[in-house]
Amino acid sequence: MEYIVVSILNGVVHGLLLFMVSAGLTLIFGMMGVLNFAHAWFYMLGAYVGFTLTRHGGFWAGLVLAPIVAGLLGILVERYMLRRVHKYGHAHELLLTFGLAFIIEEVIKLFYGDALVSYQMPDYMRFAAFTIFDTNYPFYRLFMGAVALAMFAVLYLLLTRTRVGIVVRAATYRPTTVEALGHNLPLVYMSVFAGGSALAGLAGAVAGAFYPTGPSMAVDFGTLVFVVVVIGGLGSVVGALAASLMIGLFISFSVGLNVSLADLLGLFGLGPWAEELGGLFTLQLSTVANSMPFLLMLLVLLIRPAGLMGDRQ
Amino acid sequence: MIRAVIKTRTIVLLLAAFGVLALLPLFLSPNLLNAAIKMMIAALFALAFTLAMGQAGMLSFGHAAYYGLGAFAALHLMRAVELKLFGFPTPLIPLAGALAGFVFGLAFGWFATQRTGVYFSMVTLALAELLLTLAPTWNALFGGESGIATMRGPWWGISFGSDADVYYLTLAWFVVSAWCMWAFTRTPIGRLALALRDNEQRVRFLGFNAHVARTLIFAISCLFTGVAGALLAIANEAANYTIFSAQASANVVLQTFIGGAGTFFGPALGAAVMTFFARVTSDLTRSWLLYQGLIFVLVMLFAPQGLGGLIALHARKVRADGWKYLIAPYLLCLIVGLLLMAGLVFVVESIQVVMSDAYLAQRAAAKGEWVPYELFGRTFEPVSPATWGIPIVLLAIGGGLLQPARRLTARAWLAATRDVPTPDAQEQPVAASSPAAAGQGASS
């Protein structure tokens with residue numbers, strides 16, 4: 001029981017964090033048709049900005065500045081790079097952001113080295129929020145979940161309740177009409193791109209203090225984010241939320257389970273045979289927990305190729 | 001249907017290139033010979049990747065999966081031969097890689113090709129990541145974290161002990177595979193790949209099963225990727241799980257597009273050049289990946305057709321006597337590029353030295369003073385304006401000359417290509433978009 005409750009809590013928080021990053025990605029894609037490969041690298045940038053400011057100023061200054069830095073970089077990328085290659089098609093834009101991811105990672109390595117950096121939350125946030133079944137549940141996990149939820153609420157209200165949101169949503173479906181009505185479409189694109197990047201930067205600054213911050217965090221997290229948007233369906237914010245929670249729960253449950261395919265087959269009396277075969281059959285579920293999201297993705301592709309909420313093709 | 005028109009000039013060129021490649025081992029040092037083997041393997045990998053990308057428009061971010069599977073298949077076969085389980089001719093070992101690549105290409109490709117466009121890219125990336133997370137824990141197949149190692153067996157009096165033997169084996173497989181891939185683009189299914197890239201809807205209306213065709217083309221690309229992986233396994237006699245890393249998948253994408261995915265031999269050229277570049281620069285500096293990334297982004301921004309595209313553009317459009325207009329502007333571009341590059345390299349390398357642990361320790365020893373640092377065999381003061389003057393002057397001169405160079409190149413380009421009929425009107429908009437900028441990208 002304890003295991004289930006703690007796993008659910010951890011899974012939901014991890015899922016909300018995934019959602020924070022994938023929401024920006026899916027918004028940008030839905031609107032501009034650009035898959036920003038470098039999105040997770042903005043997340044990493046946010047974590048490093050947070051780390052730098054925690055060293056020199058304060059944790060909260062990092063939380064404020066990380067989205068600003070990531071957003072400004074997003075503006076530069078959209079204005080001076082993506083817009084230039086727009087005429088060559090979406091594959092070209094994808095490749096450009098792919099190269100950009102490389103550069104961001106290497107520049108960060110240039111300044112901070114190849115090793116993990118010790119980005120820590122402030123001491124006054126390091127306490128147990130509550131105790132369930134003798135487990136002290138860290139407050140910071142709740143904080144991460146709360147930031148993600150607040151972000152979701154703001155995003156939702158912004159998109160559905162304001163004039164800006166109307167223009168943005170309209171530009172997703174009928175860009176030429178929006179432009180004909182006198183709205184500055186390139187500006188809308190640039191803002192959405194900057195906003196998405198800023199969200200990733202904020203997520204990085206929040207999550208980096210809890211999870212390890214290092215040069216490989218982007219590629220690890222980035223592939224997860226891609227899995228989220230494949231499962232959820234690109235362009236759908238609700239789909240991204242559902243898929244993020246699903247993957248978060250999936251990972252947090254499989255981390256703690258020490259069962260293998262052999263144990264499963266043991267239920268049918270085939271256990272010894274599978275043990276003998278070894279290989280894939282005796283791998284513990286907990287050791288392959290990192291592969292779980294990918295298997296989930298294959299499953300979704302098999303059943304619903306368009307993703308949970310995606311349009312057909 | 002396009003008839004394969006091979007000009008005499010092309011045949012002579014290819015034969016000459018083959019002759020040079022065949023004679024190379026006589027002149028190369030062991031280190032360079034090894035580099036040549038790696039360059040050919042990378043070139044083959046890039047060609048195989050382009051089969052899916054350039055032909056069918058399937059941008060795979062996870063081709064390292066099939067590369068790695070090919071390598072491990074070859075290693076297991078070599079191990080079996082070494083343990084005398086059965087005999088197998090060493091030169092044919094890449095067939096195992098081909099088989100592994102094809103089978104897994106079919107299986108994974110069936111999933112990945114459910115979706116097109118960016119979805120496809122993400123799914124392939126995730127599939128490679130799946131293998132990367134599985135491989136270190138799966139000892140029997142991938143040898144855990146340390147990987148598996150074996151020996152090349154002798155065959156028919158050839159020991160395969162020296163690099164020269166491996167070189168000829170790699171060359172033979174490279175030539176045969178490259179020819180097969182070229183021939184494949186001329187077959188009906190090869191033409192179908194092009195059609196799938198350009199208009200999938202229409203292909204489906206014509207009665208083809210687009211999903212099956214995609215899967216098949218992807219699997220054939222994986223087949224040759226497996227061959228490249230097997231050749232790598234033969235050359236290294238070992239492999240571990242890092243062969244599946246995102247870095248490996250990324251490299252082939254970078255190399256292919258620097259070379260230019262629009263031409264047949266562009267990717268091979270890009271892969272060979274960038275592998276050599278990596279080999280040289282990775283000995284000199286730790287930030288060589290940054291330079292590779294910068295080159296890639298510059299090519300994407302200013303020469304979207306890649307190196308191969310630039311060469312093809314020049315071969316097609318420049319008049320026989322047009323080169324006399326172009327030499328001077330190109331030299332200017334080269335100088336501008338070198339100036340900018342020198343300034344950038346100075347800044348990057350300085351940052352790298354100043355941020356390194358060794359230098360921080362020195363500073364700590366000197367109680368936080370900015371002690372001089374060493375770079376390029378000289379010492380510099382980190383806070384003196386003279387030090388920062390160097391890159392600023394280099395970048396300023398380079399930046400100042402940029403606009404004149406572009407203008408001159410654009411004018412010379414017009415002069416050099418005057419009165420040349422465009423053989424292929426469709427390619428013109430992309431190719432001729434910005435010759436000046438293209439020249440810039442190539443030189444910087």
# chains A, B, ... in the order shown; residues from 1 in each chain; ligands from 1

$ closest_atom_pairs --of "chain A" --to "chain B" --cutoff "8 Å" --atoms "only C-alpha atoms" --output "Markdown table"
| residue | atom | partner | partner_atom | distance |
| --- | --- | --- | --- | --- |
| A:Leu35 | CA | B:Val118 | CA | 6.8 |
| A:Met81 | CA | B:Leu301 | CA | 7.1 |
| A:Arg84 | CA | B:Leu301 | CA | 7.1 |
| A:Val85 | CA | B:Leu301 | CA | 6.4 |
| A:Tyr88 | CA | B:Val430 | CA | 7.8 |
| A:Ala91 | CA | B:Val118 | CA | 7.6 |
| A:His92 | CA | B:Met300 | CA | 7.5 |
| A:Leu94 | CA | B:Val118 | CA | 8.0 |
| A:Leu95 | CA | B:Met300 | CA | 7.7 |
| A:Leu96 | CA | B:Val297 | CA | 6.0 |
| A:Gly99 | CA | B:Gly293 | CA | 5.5 |
| A:Leu100 | CA | B:Val297 | CA | 6.9 |
| A:Phe102 | CA | B:Gly293 | CA | 5.7 |
| A:Ile103 | CA | B:Gly293 | CA | 5.5 |
| A:Glu106 | CA | B:Leu290 | CA | 5.3 |
| A:Val107 | CA | B:Leu290 | CA | 7.0 |
| A:Leu110 | CA | B:Gln352 | CA | 5.6 |
| A:Phe111 | CA | B:Met355 | CA | 5.9 |
| A:Tyr112 | CA | B:Met355 | CA | 7.3 |
| A:Gly113 | CA | B:Ser356 | CA | 7.3 |
| A:Val219 | CA | B:Ala246 | CA | 7.8 |
| A:Thr223 | CA | B:Ala126 | CA | 6.2 |
| A:Phe226 | CA | B:Met122 | CA | 6.0 |
| A:Val227 | CA | B:Ala126 | CA | 6.9 |
| A:Val230 | CA | B:Tyr119 | CA | 6.5 |
| A:Gly279 | CA | B:Ala140 | CA | 6.0 |
| A:Leu280 | CA | B:Trp138 | CA | 6.9 |
| A:Leu283 | CA | B:Trp138 | CA | 7.4 |
| A:Thr287 | CA | B:Thr137 | CA | 7.2 |
| A:Val288 | CA | B:Leu134 | CA | 6.5 |
| A:Asn290 | CA | B:Thr133 | CA | 6.4 |
| A:Ser291 | CA | B:Leu130 | CA | 5.3 |
| A:Phe294 | CA | B:Leu130 | CA | 6.0 |
| A:Leu295 | CA | B:Leu130 | CA | 7.9 |
| A:Leu298 | CA | B:Phe111 | CA | 6.9 |
| A:Leu301 | CA | B:Phe111 | CA | 6.7 |
| A:Leu302 | CA | B:Phe111 | CA | 7.1 |
| A:Pro305 | CA | B:Gln114 | CA | 6.3 |
| A:Ala306 | CA | B:Arg115 | CA | 7.6 |
| A:Gln313 | CA | B:Arg115 | CA | 7.2 |

$ residues_around --residues "stretch 377-391 of chain B" --least-positions-apart "5" --cutoff "9 Å" --atoms "only C-alpha atoms" --output "compact mmCIF listing (two decimals) with C-alpha atoms, in the first residue's frame"
# COMPACT_ATOMS: atom_id res chain seq x y z
CA LEU B 340 36.33 34.99 -38.44
CA ALA B 342 40.56 32.43 -36.04
CA GLY B 343 38.77 34.97 -33.83
CA LEU B 344 36.14 32.45 -32.80
CA VAL B 345 38.62 29.67 -32.12
CA PHE B 346 40.68 32.03 -29.96
CA VAL B 347 37.65 32.96 -27.86
CA SER B 350 40.52 30.78 -24.15
CA VAL B 354 40.17 29.61 -18.21
CA TRP B 370 43.85 36.04 -12.69
CA VAL B 371 47.07 34.20 -13.47
CA PRO B 372 48.26 34.09 -17.10
CA ALA B 396 36.09 43.12 -36.69

$ closest_residue --among "A:Ala47, A:Val167, A:Val192, A:Val21" --to "A:Leu72" --atoms "only C-alpha atoms"
A:Val192

$ closest_residue --among "B:Leu75, B:Leu44, B:Ala239, B:Ala410" --to "B:Trp179" --atoms "only C-alpha atoms"
B:Leu44

$ select_by_dssp --residues "stretch 132-353 of chain B" --states "alpha helix (DSSP H)" --output "number ranges by chain"
B: 132-134, 139-142, 163-186, 188-198, 200-205, 210-236, 246-259, 266-284, 288-302, 306-317, 323-353

$ residues_around --residues "A:Gly196" --least-positions-apart "6" --cutoff "7 Å" --atoms "only C-alpha atoms" --output "PyMOL selection string"
chain A and resi 24-25+28

$ residues_around --residues "stretch 153-159 of chain A" --least-positions-apart "2" --cutoff "12 Å" --atoms "only C-alpha atoms" --output "list in words"
Met20, Ala23, Gly24, Leu27, Ala146, Val147, Ala148, Leu149, Ala150, Met151, Arg161, Thr162, Arg163, Val164, Gly165, Ile166, Val167, Val168, Arg169, Ala170, Ala171, Thr172, Val192, Gly195, Gly196, Leu199, Val237 and Val238 of chain A

$ write_last_selection --atoms "N, CA and C atoms" --output "short mmCIF file (atom, residue, chain, number, x, y, z; two decimals), in the first residue's frame"
data_model
loop_
_atom_site.label_atom_id
_atom_site.label_comp_id
_atom_site.auth_asym_id
_atom_site.auth_seq_id
_atom_site.Cartn_x
_atom_site.Cartn_y
_atom_site.Cartn_z
N MET A 20 5.40 20.05 -18.21
CA MET A 20 5.87 21.44 -18.30
C MET A 20 6.72 21.64 -19.53
N ALA A 23 4.57 20.66 -22.95
CA ALA A 23 3.51 21.60 -23.32
C ALA A 23 4.04 22.65 -24.29
N GLY A 24 5.22 23.21 -23.97
CA GLY A 24 5.81 24.21 -24.85
C GLY A 24 6.12 23.64 -26.22
N LEU A 27 2.87 23.09 -28.13
CA LEU A 27 2.28 24.37 -28.55
C LEU A 27 2.99 24.92 -29.78
N ALA A 146 3.43 21.78 -7.81
CA ALA A 146 2.63 22.99 -7.72
C ALA A 146 3.01 23.98 -8.82
N VAL A 147 4.31 24.12 -9.08
CA VAL A 147 4.74 25.03 -10.14
C VAL A 147 4.16 24.58 -11.47
N ALA A 148 4.23 23.28 -11.73
CA ALA A 148 3.71 22.77 -13.00
C ALA A 148 2.22 23.01 -13.11
N LEU A 149 1.49 22.78 -12.00
CA LEU A 149 0.04 22.99 -12.03
C LEU A 149 -0.30 24.46 -12.24
N ALA A 150 0.44 25.33 -11.55
CA ALA A 150 0.21 26.77 -11.71
C ALA A 150 0.44 27.17 -13.16
N MET A 151 1.51 26.61 -13.74
CA MET A 151 1.81 26.93 -15.12
C MET A 151 0.68 26.46 -16.05
N ARG A 161 -9.10 32.49 -22.25
CA ARG A 161 -9.87 33.58 -21.68
C ARG A 161 -9.40 34.97 -22.11
N THR A 162 -8.32 35.04 -22.88
CA THR A 162 -7.82 36.38 -23.23
C THR A 162 -7.83 36.58 -24.74
N ARG A 163 -7.72 37.85 -25.13
CA ARG A 163 -7.66 38.17 -26.56
C ARG A 163 -6.42 37.57 -27.20
N VAL A 164 -5.29 37.65 -26.46
CA VAL A 164 -4.05 37.08 -26.98
C VAL A 164 -4.24 35.60 -27.29
N GLY A 165 -4.92 34.92 -26.35
CA GLY A 165 -5.15 33.50 -26.54
C GLY A 165 -5.98 33.23 -27.78
N ILE A 166 -6.97 34.09 -28.03
CA ILE A 166 -7.82 33.91 -29.22
C ILE A 166 -6.98 34.02 -30.49
N VAL A 167 -6.12 35.04 -30.52
CA VAL A 167 -5.29 35.23 -31.71
C VAL A 167 -4.37 34.03 -31.91
N VAL A 168 -3.77 33.57 -30.80
CA VAL A 168 -2.85 32.45 -30.91
C VAL A 168 -3.57 31.21 -31.41
N ARG A 169 -4.75 30.94 -30.84
CA ARG A 169 -5.47 29.74 -31.26
C ARG A 169 -5.94 29.87 -32.70
N ALA A 170 -6.36 31.06 -33.06
CA ALA A 170 -6.82 31.25 -34.44
C ALA A 170 -5.65 31.07 -35.41
N ALA A 171 -4.47 31.56 -35.01
CA ALA A 171 -3.31 31.46 -35.89
C ALA A 171 -2.90 30.01 -36.11
N THR A 172 -3.27 29.14 -35.18
CA THR A 172 -2.96 27.73 -35.37
C THR A 172 -3.75 27.15 -36.53
N VAL A 192 5.12 32.89 -29.30
CA VAL A 192 4.83 31.51 -28.90
C VAL A 192 6.13 30.73 -28.72
N GLY A 195 7.74 31.91 -25.59
CA GLY A 195 7.00 31.44 -24.43
C GLY A 195 7.27 29.97 -24.14
N GLY A 196 7.24 29.15 -25.19
CA GLY A 196 7.51 27.73 -25.02
C GLY A 196 8.91 27.50 -24.48
N LEU A 199 9.09 28.39 -20.80
CA LEU A 199 8.51 27.35 -19.95
C LEU A 199 9.52 26.24 -19.71
N VAL A 237 -2.40 19.91 -26.22
CA VAL A 237 -1.89 20.15 -24.86
C VAL A 237 -2.49 19.14 -23.89
N VAL A 238 -3.76 18.82 -24.07
CA VAL A 238 -4.41 17.85 -23.18
C VAL A 238 -3.79 16.47 -23.36
#

$ select_by_dssp --residues "stretch 34-240 of chain A" --states "strand (DSSP E or B)" --output "JSON, numbers by chain"
{"A": [117, 128, 129, 130, 131, 132, 135, 136, 137, 138, 213]}

$ residues_around --residues "B:Leu77" --least-positions-apart "6" --cutoff "9 Å" --atoms "only C-alpha atoms" --output "ChimeraX atom specification"
/B:88,93,96

$ write_last_selection --atoms "C-alpha atoms" --output "PDB file, in the first residue's frame"
ATOM      1  CA  PHE B  88      32.846 -18.841 -42.148  1.00  0.00           C
ATOM      2  CA  ILE B  93      31.223 -11.486 -42.257  1.00  0.00           C
ATOM      3  CA  ALA B  96      25.760 -11.011 -40.865  1.00  0.00           C
TER       4      ALA B  96
END

$ residues_around --residues "B:Ala328" --least-positions-apart "6" --cutoff "12 Å" --atoms "only C-alpha atoms" --output "PyMOL selection string"
chain B and resi 322+334-335+405+408-409+411-413

$ closest_residue --among "A:Leu18, A:Ala198, A:Met121, A:Leu53" --to "A:Val69" --atoms "only C-alpha atoms"
A:Ala198

$ atom_distance --atom1 "atom CA of B:Asn199" --atom2 "atom CA of B:Cys222"
23.1 Å
